[in-house]
Amino acid sequence: MKNEYLLKVYQECESRNYGKVEFLDAVKEFLESIELYADKHPELKKYAVLERLVEPERLIEFRVPWVDDNGNVHVNRGYRVQFNSAIGPYKGGIRLHPSVNQSIIKFLGFEQVLKNSITGLPLGGGKGGSDFDPKGKSEFEIMRFCQSFMTELYRHIGSMVDVPAGDIGTGAREVGYMYGAYKKLVNSFDGAFTGKGLEFGGSLARTEATGFGLIYFTEKMLKTQLNTSFKDKRVIITGSGNVALYALKKAAELGAKVIAMSDSNGYVVDENGINFDTLKVIKEVKRERIKEYQTQVPTSKYFEGSKGIYSLKADILLPCATQNEIDLDAAKIIVKNGICCVSEGANRPSSNEAAKYFVDNKVLYGPGKAANCGGVMVSGFEMIQNSEREKWTFEYTDNRLKERMEEIYDSIYKISSEYGNSYNTILGADILGFEKVANAMIKEGII
Ligand code: NDP
Ligand code: 2IT
């Protein structure tokens, strides 16, 4: 970073966020990538747009006590960051994972501001979560936790204020419990959550949206840059949750062979292509580990440890698990193995160094904030349907998602090309997301 204004913003942010590594990495990547844009836009400094952008409007931290099935009391910590509402109500998921802390929630909230702007919908950015670990908990323990979480969160959200949704550890079941508790507390059916059940205001295709959107974006990138497609490609997907599962489904529909998938314990390799229906029952219905796939499909192989997956030979890698899965060393192995495309279903799965390495080596790179924005896009469609008291068909919703994901890639390609490198999608995505938010922050005044 050479621009003095950007340097000053980063240094101030660093001193205010000591030790918040994930958040600072996200801010640094963003400031570095918009440098050429900032050089041409002195109004950013005049109106202190970047100082305001990196400071959340509000961060709520709260106690979440709950009682397990044996009568023991536990206390977890809950968070909601309401990062930026310049272009719409705060919007973003809720993550339940033992690793959740302020730094992770802030990085996710910061990314969400840009991502939501990229969708083209009027949505601000937020994120929430807790260090609660859903693994091994009974159905009623999960329900009691979600209800306790909502006894605080309900007062901060609403359909015109802040609209949460799912993320790691929060799927349709958890959203149901949270929305149920919210409704009871506010006595209003105002759709203040997305990812709801289809019986109570949920949108068709929301479950599929992030994974499908990732594939639509990536297919367009493959076509534009390499005049190729998913057909007959060998694909690796990390993770085996909501995003990974529906990325598998759509990639296979387009003729790809997904040869490996993982969870935090290990990975399976199936040279015949991982079977969606088998994996869906294991993960969504039975909530088992991916190891179980090997029992169901004896010709496949299971390996302990999730890192070995990057050493497999393939054409395309879709990281769909969590942040910082791919460091520079892993990126070097991936490039050496001939992967031509890395497209992110997860939020910031590649470290800054790894992402830069992909761009520098002309690997097609889909940054998460663009490649995975299909999820929040269909969340936005759910909000539209709720306010219209409407229900769109699966086909209509899916077609709109596909059309929009392709347009988003086109816009990123255009911006990156104008700035001199069509492979630098990091710059393209950041500028696409940022410009609208920045203009809104200037026009709305310094507040
Ligand atoms: P799920 O909880 O459904 O699945 C998460 C998957 O990632 C699981 O396979 C899990 O394995 C693995 N995983 C999680 N944490 C770790 C870790 N620390 N190390 C290794 N593996 C890990 O979550 P989603 O599929 O919803 O989310 C996956 C990613 O996609 C996240 O980065 C999320 O922020 C992002 N995302 C999600 C969207 C959505 O609509 N759901 C939208 C946009 C982005 P295990 O079971 O072993 O923990
Ligand atoms: O990271 C994300 O975009 C999500 N977890 C989805 C957010 C949403 O509001 O649908």
# chains A, B, ... in the order shown; residues from 1 in each chain; ligands from 1

$ select_by_dssp --residues "segment 36-141 of chain A" --states "helix (DSSP H, G or I)" --output "ChimeraX atom specification"
/A:36-39,43-46,49-53,102-118,139-141

$ write_last_selection --atoms "N, CA, C and O atoms" --output "CSV table (one decimal), in the first residue's frame"
chain,number,residue,atom,x,y,z
A,36,LEU,N,-5.8,1.6,-6.5
A,36,LEU,CA,-5.9,2.4,-7.8
A,36,LEU,C,-7.2,3.2,-7.9
A,36,LEU,O,-7.2,4.3,-8.4
A,37,TYR,N,-8.2,2.7,-7.4
A,37,TYR,CA,-9.5,3.4,-7.3
A,37,TYR,C,-9.4,4.6,-6.4
A,37,TYR,O,-9.8,5.7,-6.7
A,38,ALA,N,-8.8,4.4,-5.2
A,38,ALA,CA,-8.7,5.5,-4.2
A,38,ALA,C,-7.8,6.6,-4.7
A,38,ALA,O,-8.1,7.8,-4.4
A,39,ASP,N,-6.8,6.2,-5.5
A,39,ASP,CA,-5.9,7.3,-6.1
A,39,ASP,C,-6.7,8.3,-6.9
A,39,ASP,O,-6.4,9.5,-7.0
A,43,GLU,N,-12.5,12.3,-2.9
A,43,GLU,CA,-13.7,12.5,-2.1
A,43,GLU,C,-13.7,11.4,-0.9
A,43,GLU,O,-14.3,11.7,0.1
A,44,LEU,N,-13.1,10.3,-1.1
A,44,LEU,CA,-13.1,9.3,-0.1
A,44,LEU,C,-12.4,9.8,1.2
A,44,LEU,O,-12.9,9.6,2.3
A,45,LYS,N,-11.3,10.6,1.0
A,45,LYS,CA,-10.6,11.1,2.1
A,45,LYS,C,-11.4,12.3,2.7
A,45,LYS,O,-11.6,12.4,4.0
A,46,LYS,N,-11.9,13.2,1.8
A,46,LYS,CA,-12.7,14.3,2.3
A,46,LYS,C,-13.8,13.9,3.2
A,46,LYS,O,-14.1,14.6,4.2
A,49,VAL,N,-14.6,8.3,4.2
A,49,VAL,CA,-15.5,7.2,3.9
A,49,VAL,C,-14.8,5.9,4.4
A,49,VAL,O,-15.5,5.0,5.0
A,50,LEU,N,-13.5,5.8,4.2
A,50,LEU,CA,-12.9,4.5,4.6
A,50,LEU,C,-12.7,4.3,6.1
A,50,LEU,O,-12.9,3.2,6.7
A,51,GLU,N,-12.5,5.4,6.8
A,51,GLU,CA,-12.4,5.4,8.3
A,51,GLU,C,-13.8,4.9,8.8
A,51,GLU,O,-13.9,4.1,9.7
A,52,ARG,N,-14.9,5.4,8.2
A,52,ARG,CA,-16.2,5.0,8.6
A,52,ARG,C,-16.5,3.6,8.2
A,52,ARG,O,-17.2,2.8,8.9
A,53,LEU,N,-16.1,3.2,7.0
A,53,LEU,CA,-16.4,1.8,6.5
A,53,LEU,C,-15.8,0.7,7.4
A,53,LEU,O,-16.4,-0.3,7.5
A,102,GLN,N,-14.9,-12.1,18.4
A,102,GLN,CA,-15.2,-10.8,17.8
A,102,GLN,C,-14.5,-10.6,16.5
A,102,GLN,O,-15.1,-10.0,15.6
A,103,SER,N,-13.3,-11.0,16.4
A,103,SER,CA,-12.5,-10.9,15.1
A,103,SER,C,-13.2,-11.5,14.0
A,103,SER,O,-13.4,-11.0,12.9
A,104,ILE,N,-13.7,-12.8,14.2
A,104,ILE,CA,-14.3,-13.5,13.1
A,104,ILE,C,-15.7,-12.9,12.8
A,104,ILE,O,-16.0,-12.7,11.6
A,105,ILE,N,-16.4,-12.5,13.7
A,105,ILE,CA,-17.7,-11.8,13.4
A,105,ILE,C,-17.5,-10.5,12.7
A,105,ILE,O,-18.2,-10.2,11.8
A,106,LYS,N,-16.5,-9.8,13.1
A,106,LYS,CA,-16.2,-8.5,12.4
A,106,LYS,C,-15.7,-8.7,11.0
A,106,LYS,O,-16.1,-8.0,10.1
A,107,PHE,N,-14.9,-9.7,10.8
A,107,PHE,CA,-14.4,-9.9,9.4
A,107,PHE,C,-15.6,-10.3,8.5
A,107,PHE,O,-15.8,-9.9,7.4
A,108,LEU,N,-16.5,-11.2,9.1
A,108,LEU,CA,-17.6,-11.7,8.3
A,108,LEU,C,-18.6,-10.5,8.0
A,108,LEU,O,-19.1,-10.4,6.9
A,109,GLY,N,-18.7,-9.6,9.0
A,109,GLY,CA,-19.6,-8.5,8.8
A,109,GLY,C,-19.1,-7.5,7.8
A,109,GLY,O,-19.8,-7.0,6.9
A,110,PHE,N,-17.8,-7.3,7.8
A,110,PHE,CA,-17.1,-6.4,6.9
A,110,PHE,C,-17.3,-6.9,5.4
A,110,PHE,O,-17.7,-6.2,4.5
A,111,GLU,N,-17.0,-8.2,5.3
A,111,GLU,CA,-17.2,-8.8,3.9
A,111,GLU,C,-18.6,-8.7,3.4
A,111,GLU,O,-18.9,-8.5,2.3
A,112,GLN,N,-19.5,-8.9,4.4
A,112,GLN,CA,-20.9,-8.9,4.1
A,112,GLN,C,-21.4,-7.6,3.5
A,112,GLN,O,-22.3,-7.6,2.6
A,113,VAL,N,-20.9,-6.5,4.0
A,113,VAL,CA,-21.2,-5.2,3.5
A,113,VAL,C,-21.0,-5.1,2.0
A,113,VAL,O,-21.8,-4.7,1.2
A,114,LEU,N,-19.8,-5.6,1.6
A,114,LEU,CA,-19.4,-5.5,0.1
A,114,LEU,C,-20.2,-6.6,-0.7
A,114,LEU,O,-20.6,-6.3,-1.8
A,115,LYS,N,-20.3,-7.8,-0.1
A,115,LYS,CA,-21.0,-8.8,-0.8
A,115,LYS,C,-22.5,-8.5,-1.1
A,115,LYS,O,-22.9,-8.6,-2.2
A,116,ASN,N,-23.1,-7.9,-0.1
A,116,ASN,CA,-24.5,-7.6,-0.2
A,116,ASN,C,-24.7,-6.5,-1.3
A,116,ASN,O,-25.7,-6.5,-2.1
A,117,SER,N,-23.8,-5.6,-1.4
A,117,SER,CA,-23.8,-4.6,-2.4
A,117,SER,C,-23.6,-5.2,-3.8
A,117,SER,O,-24.3,-4.8,-4.8
A,118,ILE,N,-22.7,-6.2,-3.8
A,118,ILE,CA,-22.4,-6.9,-5.1
A,118,ILE,C,-23.7,-7.6,-5.7
A,118,ILE,O,-23.9,-7.6,-6.9
A,139,GLU,N,-31.5,-32.4,19.9
A,139,GLU,CA,-32.5,-31.5,19.3
A,139,GLU,C,-33.0,-30.4,20.3
A,139,GLU,O,-33.0,-29.2,20.0
A,140,PHE,N,-33.3,-30.9,21.5
A,140,PHE,CA,-33.9,-29.9,22.5
A,140,PHE,C,-32.8,-29.0,23.1
A,140,PHE,O,-33.1,-27.9,23.5
A,141,GLU,N,-31.6,-29.5,23.1
A,141,GLU,CA,-30.5,-28.6,23.6
A,141,GLU,C,-30.3,-27.5,22.6
A,141,GLU,O,-30.2,-26.3,22.9

$ closest_atom_pairs --of "segment 258-347 of chain A" --to "segment 188-212 of chain A" --cutoff "12 Å" --atoms "only C-alpha atoms" --output "CSV"
residue,atom,partner,partner_atom,distance
A:Glu284,CA,A:Thr207,CA,11.2
A:Leu318,CA,A:Gly211,CA,9.8
A:Pro319,CA,A:Gly211,CA,10.9
A:Cys320,CA,A:Gly211,CA,8.7
A:Ala321,CA,A:Gly211,CA,11.8
A:Ser343,CA,A:Gly211,CA,11.1
A:Glu344,CA,A:Gly211,CA,9.9
A:Gly345,CA,A:Gly211,CA,6.8
A:Ala346,CA,A:Thr210,CA,9.4
A:Asn347,CA,A:Thr210,CA,11.4

$ write_last_selection --atoms "N, CA and C atoms" --output "PDB file, in the first residue's frame"
ATOM      1  N   GLU A 284     -27.440 -34.256   5.730  1.00  0.00           N
ATOM      2  CA  GLU A 284     -28.636 -33.469   6.077  1.00  0.00           C
ATOM      3  C   GLU A 284     -29.629 -34.231   6.938  1.00  0.00           C
ATOM      4  N   LEU A 318     -13.134 -25.928  -5.292  1.00  0.00           N
ATOM      5  CA  LEU A 318     -14.178 -25.070  -4.728  1.00  0.00           C
ATOM      6  C   LEU A 318     -14.105 -25.161  -3.201  1.00  0.00           C
ATOM      7  N   PRO A 319     -13.394 -24.253  -2.530  1.00  0.00           N
ATOM      8  CA  PRO A 319     -13.323 -24.317  -1.059  1.00  0.00           C
ATOM      9  C   PRO A 319     -14.645 -23.849  -0.449  1.00  0.00           C
ATOM     10  N   CYS A 320     -15.300 -24.728   0.278  1.00  0.00           N
ATOM     11  CA  CYS A 320     -16.644 -24.425   0.813  1.00  0.00           C
ATOM     12  C   CYS A 320     -16.736 -24.727   2.301  1.00  0.00           C
ATOM     13  N   ALA A 321     -15.618 -24.659   3.050  1.00  0.00           N
ATOM     14  CA  ALA A 321     -15.672 -24.974   4.481  1.00  0.00           C
ATOM     15  C   ALA A 321     -15.559 -23.712   5.338  1.00  0.00           C
ATOM     16  N   SER A 343     -12.556 -21.293  -6.888  1.00  0.00           N
ATOM     17  CA  SER A 343     -13.708 -20.406  -6.719  1.00  0.00           C
ATOM     18  C   SER A 343     -14.336 -20.684  -5.356  1.00  0.00           C
ATOM     19  N   GLU A 344     -14.561 -19.605  -4.587  1.00  0.00           N
ATOM     20  CA  GLU A 344     -14.811 -19.758  -3.149  1.00  0.00           C
ATOM     21  C   GLU A 344     -16.291 -19.746  -2.742  1.00  0.00           C
ATOM     22  N   GLY A 345     -16.752 -20.893  -2.233  1.00  0.00           N
ATOM     23  CA  GLY A 345     -18.085 -20.949  -1.639  1.00  0.00           C
ATOM     24  C   GLY A 345     -18.050 -20.442  -0.204  1.00  0.00           C
ATOM     25  N   ALA A 346     -16.900 -20.616   0.457  1.00  0.00           N
ATOM     26  CA  ALA A 346     -16.748 -20.153   1.844  1.00  0.00           C
ATOM     27  C   ALA A 346     -16.351 -18.680   1.859  1.00  0.00           C
ATOM     28  N   ASN A 347     -16.378 -18.071   3.041  1.00  0.00           N
ATOM     29  CA  ASN A 347     -15.932 -16.689   3.207  1.00  0.00           C
ATOM     30  C   ASN A 347     -14.445 -16.665   3.529  1.00  0.00           C
TER      31      ASN A 347
END

$ residues_around --residues "Gly428 of chain A" --least-positions-apart "4" --cutoff "10 Å" --atoms "only C-alpha atoms" --output "number ranges by chain"
A: 33-34, 367, 370, 408-419, 421-424, 432-434

$ residues_near_ligand --ligand "ligand 1" --cutoff "8 Å" --atoms "only C-alpha atoms and all ligand atoms" --output "PyMOL selection string"
chain A and resi 93+95+97+99+108+135+165-171+206-207+209-210+238-245+262-265+289+306+320-323+325+345-349+368-369+372-376

$ write_last_selection --atoms "N, CA and C atoms" --output "short mmCIF file (atom, residue, chain, number, x, y, z; two decimals), in the first residue's frame"
data_model
loop_
_atom_site.label_atom_id
_atom_site.label_comp_id
_atom_site.auth_asym_id
_atom_site.auth_seq_id
_atom_site.Cartn_x
_atom_site.Cartn_y
_atom_site.Cartn_z
N GLY A 93 -25.68 -13.67 8.04
CA GLY A 93 -26.00 -14.90 8.76
C GLY A 93 -25.57 -14.93 10.22
N ARG A 95 -23.43 -17.50 12.78
CA ARG A 95 -22.52 -18.65 12.81
C ARG A 95 -22.46 -19.24 14.22
N HIS A 97 -20.25 -21.84 16.10
CA HIS A 97 -19.03 -22.67 16.02
C HIS A 97 -18.13 -22.25 17.18
N SER A 99 -15.14 -21.66 17.43
CA SER A 99 -14.08 -20.69 17.11
C SER A 99 -14.58 -19.25 17.04
N LEU A 108 -16.46 -11.20 9.07
CA LEU A 108 -17.61 -11.66 8.28
C LEU A 108 -18.57 -10.50 8.00
N LYS A 135 -22.23 -29.42 17.66
CA LYS A 135 -21.90 -30.85 17.47
C LYS A 135 -22.19 -31.65 18.74
N ALA A 165 -29.78 -14.75 9.12
CA ALA A 165 -29.99 -15.96 8.31
C ALA A 165 -29.02 -17.02 8.82
N GLY A 166 -28.82 -18.08 8.05
CA GLY A 166 -27.91 -19.15 8.44
C GLY A 166 -26.46 -18.87 8.09
N ASP A 167 -25.57 -19.67 8.64
CA ASP A 167 -24.15 -19.71 8.29
C ASP A 167 -23.64 -21.03 8.89
N ILE A 168 -22.36 -21.19 9.12
CA ILE A 168 -21.85 -22.43 9.69
C ILE A 168 -22.61 -22.77 10.98
N GLY A 169 -23.10 -23.98 11.06
CA GLY A 169 -23.79 -24.45 12.26
C GLY A 169 -25.22 -23.97 12.40
N THR A 170 -25.65 -23.09 11.54
CA THR A 170 -27.04 -22.60 11.57
C THR A 170 -27.69 -22.93 10.24
N GLY A 171 -28.55 -23.94 10.25
CA GLY A 171 -29.28 -24.33 9.05
C GLY A 171 -30.76 -24.07 9.24
N ARG A 206 -33.65 -21.30 -1.56
CA ARG A 206 -32.68 -20.70 -0.63
C ARG A 206 -31.67 -21.75 -0.17
N THR A 207 -32.15 -22.98 0.09
CA THR A 207 -31.23 -24.04 0.53
C THR A 207 -30.13 -24.26 -0.51
N ALA A 209 -29.18 -22.10 -2.84
CA ALA A 209 -28.73 -20.86 -3.50
C ALA A 209 -27.22 -20.62 -3.48
N THR A 210 -26.56 -20.81 -2.35
CA THR A 210 -25.13 -20.47 -2.29
C THR A 210 -24.33 -21.41 -3.20
N THR A 238 -14.08 -28.59 -0.76
CA THR A 238 -13.82 -28.77 0.66
C THR A 238 -15.10 -28.47 1.43
N GLY A 239 -15.23 -29.13 2.60
CA GLY A 239 -16.46 -29.02 3.38
C GLY A 239 -17.50 -29.98 2.82
N SER A 240 -18.57 -30.19 3.61
CA SER A 240 -19.67 -31.04 3.14
C SER A 240 -20.95 -30.57 3.80
N GLY A 241 -21.02 -29.26 4.06
CA GLY A 241 -22.22 -28.66 4.64
C GLY A 241 -23.14 -28.14 3.55
N ASN A 242 -23.94 -27.16 3.91
CA ASN A 242 -24.96 -26.64 2.98
C ASN A 242 -24.36 -26.17 1.65
N VAL A 243 -23.34 -25.35 1.72
CA VAL A 243 -22.78 -24.78 0.50
C VAL A 243 -22.13 -25.87 -0.36
N ALA A 244 -21.32 -26.71 0.27
CA ALA A 244 -20.59 -27.76 -0.44
C ALA A 244 -21.55 -28.74 -1.13
N LEU A 245 -22.59 -29.12 -0.41
CA LEU A 245 -23.53 -30.13 -0.91
C LEU A 245 -24.22 -29.68 -2.19
N SER A 262 -14.74 -33.01 1.96
CA SER A 262 -14.15 -33.16 3.30
C SER A 262 -15.08 -32.69 4.43
N ASP A 263 -14.68 -32.97 5.66
CA ASP A 263 -15.18 -32.21 6.82
C ASP A 263 -13.96 -31.92 7.69
N SER A 264 -14.15 -31.45 8.92
CA SER A 264 -12.97 -31.04 9.67
C SER A 264 -12.14 -32.23 10.15
N ASN A 265 -12.66 -33.45 10.01
CA ASN A 265 -11.89 -34.63 10.43
C ASN A 265 -11.10 -35.27 9.30
N ARG A 289 -20.74 -37.88 10.08
CA ARG A 289 -19.46 -37.42 9.56
C ARG A 289 -19.26 -37.93 8.12
N SER A 306 -7.93 -33.02 7.13
CA SER A 306 -8.59 -32.37 5.98
C SER A 306 -7.61 -31.71 5.01
N CYS A 320 -15.30 -24.73 0.28
CA CYS A 320 -16.64 -24.42 0.81
C CYS A 320 -16.74 -24.73 2.30
N ALA A 321 -15.62 -24.66 3.05
CA ALA A 321 -15.67 -24.97 4.48
C ALA A 321 -15.56 -23.71 5.34
N THR A 322 -14.35 -23.16 5.47
CA THR A 322 -14.20 -22.06 6.43
C THR A 322 -13.04 -21.14 6.05
N GLN A 323 -12.82 -20.08 6.84
CA GLN A 323 -11.77 -19.11 6.51
C GLN A 323 -10.36 -19.69 6.71
N GLU A 325 -8.52 -21.72 5.15
CA GLU A 325 -8.21 -23.14 4.92
C GLU A 325 -6.95 -23.25 4.08
N GLY A 345 -16.75 -20.89 -2.23
CA GLY A 345 -18.08 -20.95 -1.64
C GLY A 345 -18.05 -20.44 -0.20
N ALA A 346 -16.90 -20.62 0.46
CA ALA A 346 -16.75 -20.15 1.84
C ALA A 346 -16.35 -18.68 1.86
N ASN A 347 -16.38 -18.07 3.04
CA ASN A 347 -15.93 -16.69 3.21
C ASN A 347 -14.45 -16.67 3.53
N ARG A 348 -13.66 -16.09 2.63
CA ARG A 348 -12.22 -15.95 2.76
C ARG A 348 -11.50 -17.27 3.12
N PRO A 349 -11.77 -18.35 2.37
CA PRO A 349 -11.03 -19.60 2.64
C PRO A 349 -9.56 -19.50 2.26
N GLY A 368 -14.67 -15.10 -2.58
CA GLY A 368 -15.90 -15.47 -1.89
C GLY A 368 -16.98 -14.40 -1.90
N LYS A 369 -16.59 -13.15 -1.69
CA LYS A 369 -17.64 -12.13 -1.54
C LYS A 369 -18.46 -11.97 -2.81
N ASN A 372 -19.82 -16.43 -3.70
CA ASN A 372 -20.82 -17.06 -2.83
C ASN A 372 -21.99 -16.15 -2.49
N CYS A 373 -22.15 -15.05 -3.25
CA CYS A 373 -23.22 -14.10 -2.88
C CYS A 373 -24.61 -14.57 -3.29
N GLY A 374 -24.69 -15.74 -3.94
CA GLY A 374 -26.00 -16.27 -4.32
C GLY A 374 -26.89 -16.57 -3.11
N GLY A 375 -26.26 -16.92 -1.99
CA GLY A 375 -27.04 -17.23 -0.79
C GLY A 375 -27.79 -16.02 -0.28
N VAL A 376 -27.05 -14.94 -0.08
CA VAL A 376 -27.72 -13.74 0.44
C VAL A 376 -28.61 -13.14 -0.65
#

$ closest_residue --among "A:Lys137, A:Lys250, A:Arg155, A:Lys91" --to "Pro122 of chain A" --atoms "only C-alpha atoms"
A:Lys91

$ closest_residue --among "A:Phe230, A:Tyr177, A:Phe381, A:Tyr182" --to "ligand 2" --atoms "only C-alpha atoms and all ligand atoms"
A:Phe381

$ residues_around --residues "Tyr10 of chain A" --least-positions-apart "6" --cutoff "10 Å" --atoms "only C-alpha atoms" --output "NGL selection string"
:A and (1 or 4 or 16 or 24 or 27-28 or 31-32 or 50-51 or 54)

$ residues_around --residues "segment 65-69 of chain A" --least-positions-apart "3" --cutoff "10 Å" --atoms "only C-alpha atoms" --output "compact mmCIF listing (two decimals) with C-alpha atoms, in the first residue's frame"
# COMPACT_ATOMS: atom_id res chain seq x y z
CA PHE A 62 -24.26 -10.75 25.07
CA ASN A 72 -26.41 -28.52 33.77
CA VAL A 73 -26.25 -24.79 33.05
CA HIS A 74 -23.92 -23.50 30.31
CA VAL A 75 -23.02 -19.95 29.36
CA ASN A 76 -21.99 -19.01 25.82
CA ARG A 77 -21.26 -15.64 24.28
CA GLY A 78 -23.48 -14.19 21.55
CA LYS A 137 -26.08 -31.63 21.08
CA SER A 138 -29.59 -33.05 21.19
CA GLU A 139 -32.47 -31.50 19.28
CA PHE A 140 -33.88 -29.94 22.45
CA GLU A 141 -30.51 -28.60 23.58
CA ILE A 142 -30.20 -26.87 20.21
CA MET A 143 -33.73 -25.50 20.61
CA ARG A 144 -33.08 -24.17 24.12
CA PHE A 145 -29.85 -22.54 23.00
CA CYS A 146 -31.54 -20.86 20.02
CA GLN A 147 -34.39 -19.62 22.21
CA SER A 148 -32.00 -18.18 24.80
CA PHE A 149 -29.95 -16.52 22.03

$ closest_residue --among "A:Val163, A:Val64, A:Val268, A:Val175" --to "ligand 2" --atoms "only C-alpha atoms and all ligand atoms"
A:Val163

$ atom_distance --atom1 "atom CA of Ile326 of chain A" --atom2 "atom CA of Ile274 of chain A"
22.2 Å

$ closest_residue --among "A:Glu388, A:Asp327, A:Asp270, A:Asp162" --to "ligand 2" --atoms "only C-alpha atoms and all ligand atoms"
A:Asp162

$ atom_distance --atom1 "atom CA of Asp131 of chain A" --atom2 "atom CA of Gln11 of chain A"
28.7 Å

$ atom_distance --atom1 "atom CA of Lys20 of chain A" --atom2 "atom CA of Lys307 of chain A"
24.4 Å

$ closest_residue --among "A:Gly305, A:Gly255, A:Gly273, A:Gly213" --to "Val378 of chain A" --atoms "only C-alpha atoms"
A:Gly213

$ select_by_dssp --residues "segment 164-278 of chain A" --states "strand (DSSP E)" --output "number ranges by chain"
A: 164-165, 234-238, 257-262, 266-269

$ write_last_selection --atoms "N, CA and C atoms" --output "JSON list (two decimals), in the first residue's frame"
[["chain", "number", "residue", "atom", "x", "y", "z"],
["A", 164, "PRO", "N", -31.27, -11.49, 10.07],
["A", 164, "PRO", "CA", -30.29, -12.59, 10.11],
["A", 164, "PRO", "C", -30.69, -13.78, 9.23],
["A", 165, "ALA", "N", -29.78, -14.75, 9.12],
["A", 165, "ALA", "CA", -29.99, -15.96, 8.31],
["A", 165, "ALA", "C", -29.02, -17.02, 8.82],
["A", 234, "ARG", "N", -12.52, -32.52, -13.42],
["A", 234, "ARG", "CA", -12.35, -33.14, -12.09],
["A", 234, "ARG", "C", -12.38, -32.01, -11.06],
["A", 235, "VAL", "N", -13.25, -32.15, -10.08],
["A", 235, "VAL", "CA", -13.48, -31.06, -9.13],
["A", 235, "VAL", "C", -13.24, -31.55, -7.70],
["A", 236, "ILE", "N", -12.61, -30.68, -6.89],
["A", 236, "ILE", "CA", -12.45, -30.94, -5.45],
["A", 236, "ILE", "C", -13.30, -29.91, -4.72],
["A", 237, "ILE", "N", -14.08, -30.35, -3.76],
["A", 237, "ILE", "CA", -14.87, -29.42, -2.93],
["A", 237, "ILE", "C", -14.47, -29.64, -1.48],
["A", 238, "THR", "N", -14.08, -28.59, -0.76],
["A", 238, "THR", "CA", -13.82, -28.77, 0.66],
["A", 238, "THR", "C", -15.10, -28.47, 1.43],
["A", 257, "LYS", "N", -17.10, -34.14, -12.54],
["A", 257, "LYS", "CA", -16.95, -35.25, -11.61],
["A", 257, "LYS", "C", -16.33, -34.70, -10.34],
["A", 258, "VAL", "N", -17.09, -34.68, -9.25],
["A", 258, "VAL", "CA", -16.53, -34.20, -7.98],
["A", 258, "VAL", "C", -15.85, -35.38, -7.31],
["A", 259, "ILE", "N", -14.52, -35.38, -7.31],
["A", 259, "ILE", "CA", -13.80, -36.58, -6.87],
["A", 259, "ILE", "C", -13.50, -36.60, -5.37],
["A", 260, "ALA", "N", -13.59, -35.43, -4.70],
["A", 260, "ALA", "CA", -13.27, -35.44, -3.26],
["A", 260, "ALA", "C", -14.01, -34.34, -2.50],
["A", 261, "MET", "N", -14.40, -34.68, -1.27],
["A", 261, "MET", "CA", -15.02, -33.70, -0.36],
["A", 261, "MET", "C", -14.55, -34.00, 1.07],
["A", 262, "SER", "N", -14.74, -33.01, 1.96],
["A", 262, "SER", "CA", -14.15, -33.16, 3.30],
["A", 262, "SER", "C", -15.08, -32.69, 4.43],
["A", 266, "GLY", "N", -11.62, -35.22, 8.06],
["A", 266, "GLY", "CA", -10.95, -35.94, 6.98],
["A", 266, "GLY", "C", -11.64, -35.72, 5.65],
["A", 267, "TYR", "N", -11.22, -36.52, 4.64],
["A", 267, "TYR", "CA", -11.85, -36.36, 3.32],
["A", 267, "TYR", "C", -12.06, -37.70, 2.63],
["A", 268, "VAL", "N", -13.04, -37.75, 1.73],
["A", 268, "VAL", "CA", -13.29, -38.95, 0.95],
["A", 268, "VAL", "C", -12.94, -38.69, -0.50],
["A", 269, "VAL", "N", -12.42, -39.74, -1.16],
["A", 269, "VAL", "CA", -12.13, -39.67, -2.59],
["A", 269, "VAL", "C", -12.98, -40.74, -3.27]]

$ closest_residue --among "A:Tyr5, A:Tyr310, A:Tyr79, A:Phe394" --to "Glu382 of chain A" --atoms "only C-alpha atoms"
A:Phe394

$ decode --residues "segment 402-407 of chain A" --atoms "N, CA, C and O atoms" --output "compact mmCIF listing (two decimals), in the first residue's frame"
# COMPACT_ATOMS: atom_id res chain seq x y z
N LYS A 402 -29.38 -17.34 -11.38
CA LYS A 402 -28.38 -17.66 -12.41
C LYS A 402 -28.06 -16.42 -13.25
O LYS A 402 -26.88 -16.08 -13.45
N GLU A 403 -29.11 -15.74 -13.65
CA GLU A 403 -28.94 -14.54 -14.48
C GLU A 403 -28.08 -13.50 -13.75
O GLU A 403 -27.14 -12.94 -14.29
N ARG A 404 -28.37 -13.30 -12.46
CA ARG A 404 -27.67 -12.28 -11.67
C ARG A 404 -26.20 -12.69 -11.43
O ARG A 404 -25.31 -11.85 -11.50
N MET A 405 -25.96 -13.97 -11.13
CA MET A 405 -24.58 -14.41 -10.87
C MET A 405 -23.72 -14.21 -12.12
O MET A 405 -22.56 -13.82 -12.04
N GLU A 406 -24.32 -14.46 -13.29
CA GLU A 406 -23.56 -14.28 -14.55
C GLU A 406 -23.28 -12.79 -14.79
O GLU A 406 -22.18 -12.43 -15.20
N GLU A 407 -24.28 -11.97 -14.51
CA GLU A 407 -24.07 -10.51 -14.68
C GLU A 407 -22.97 -10.01 -13.73
O GLU A 407 -22.18 -9.15 -14.09
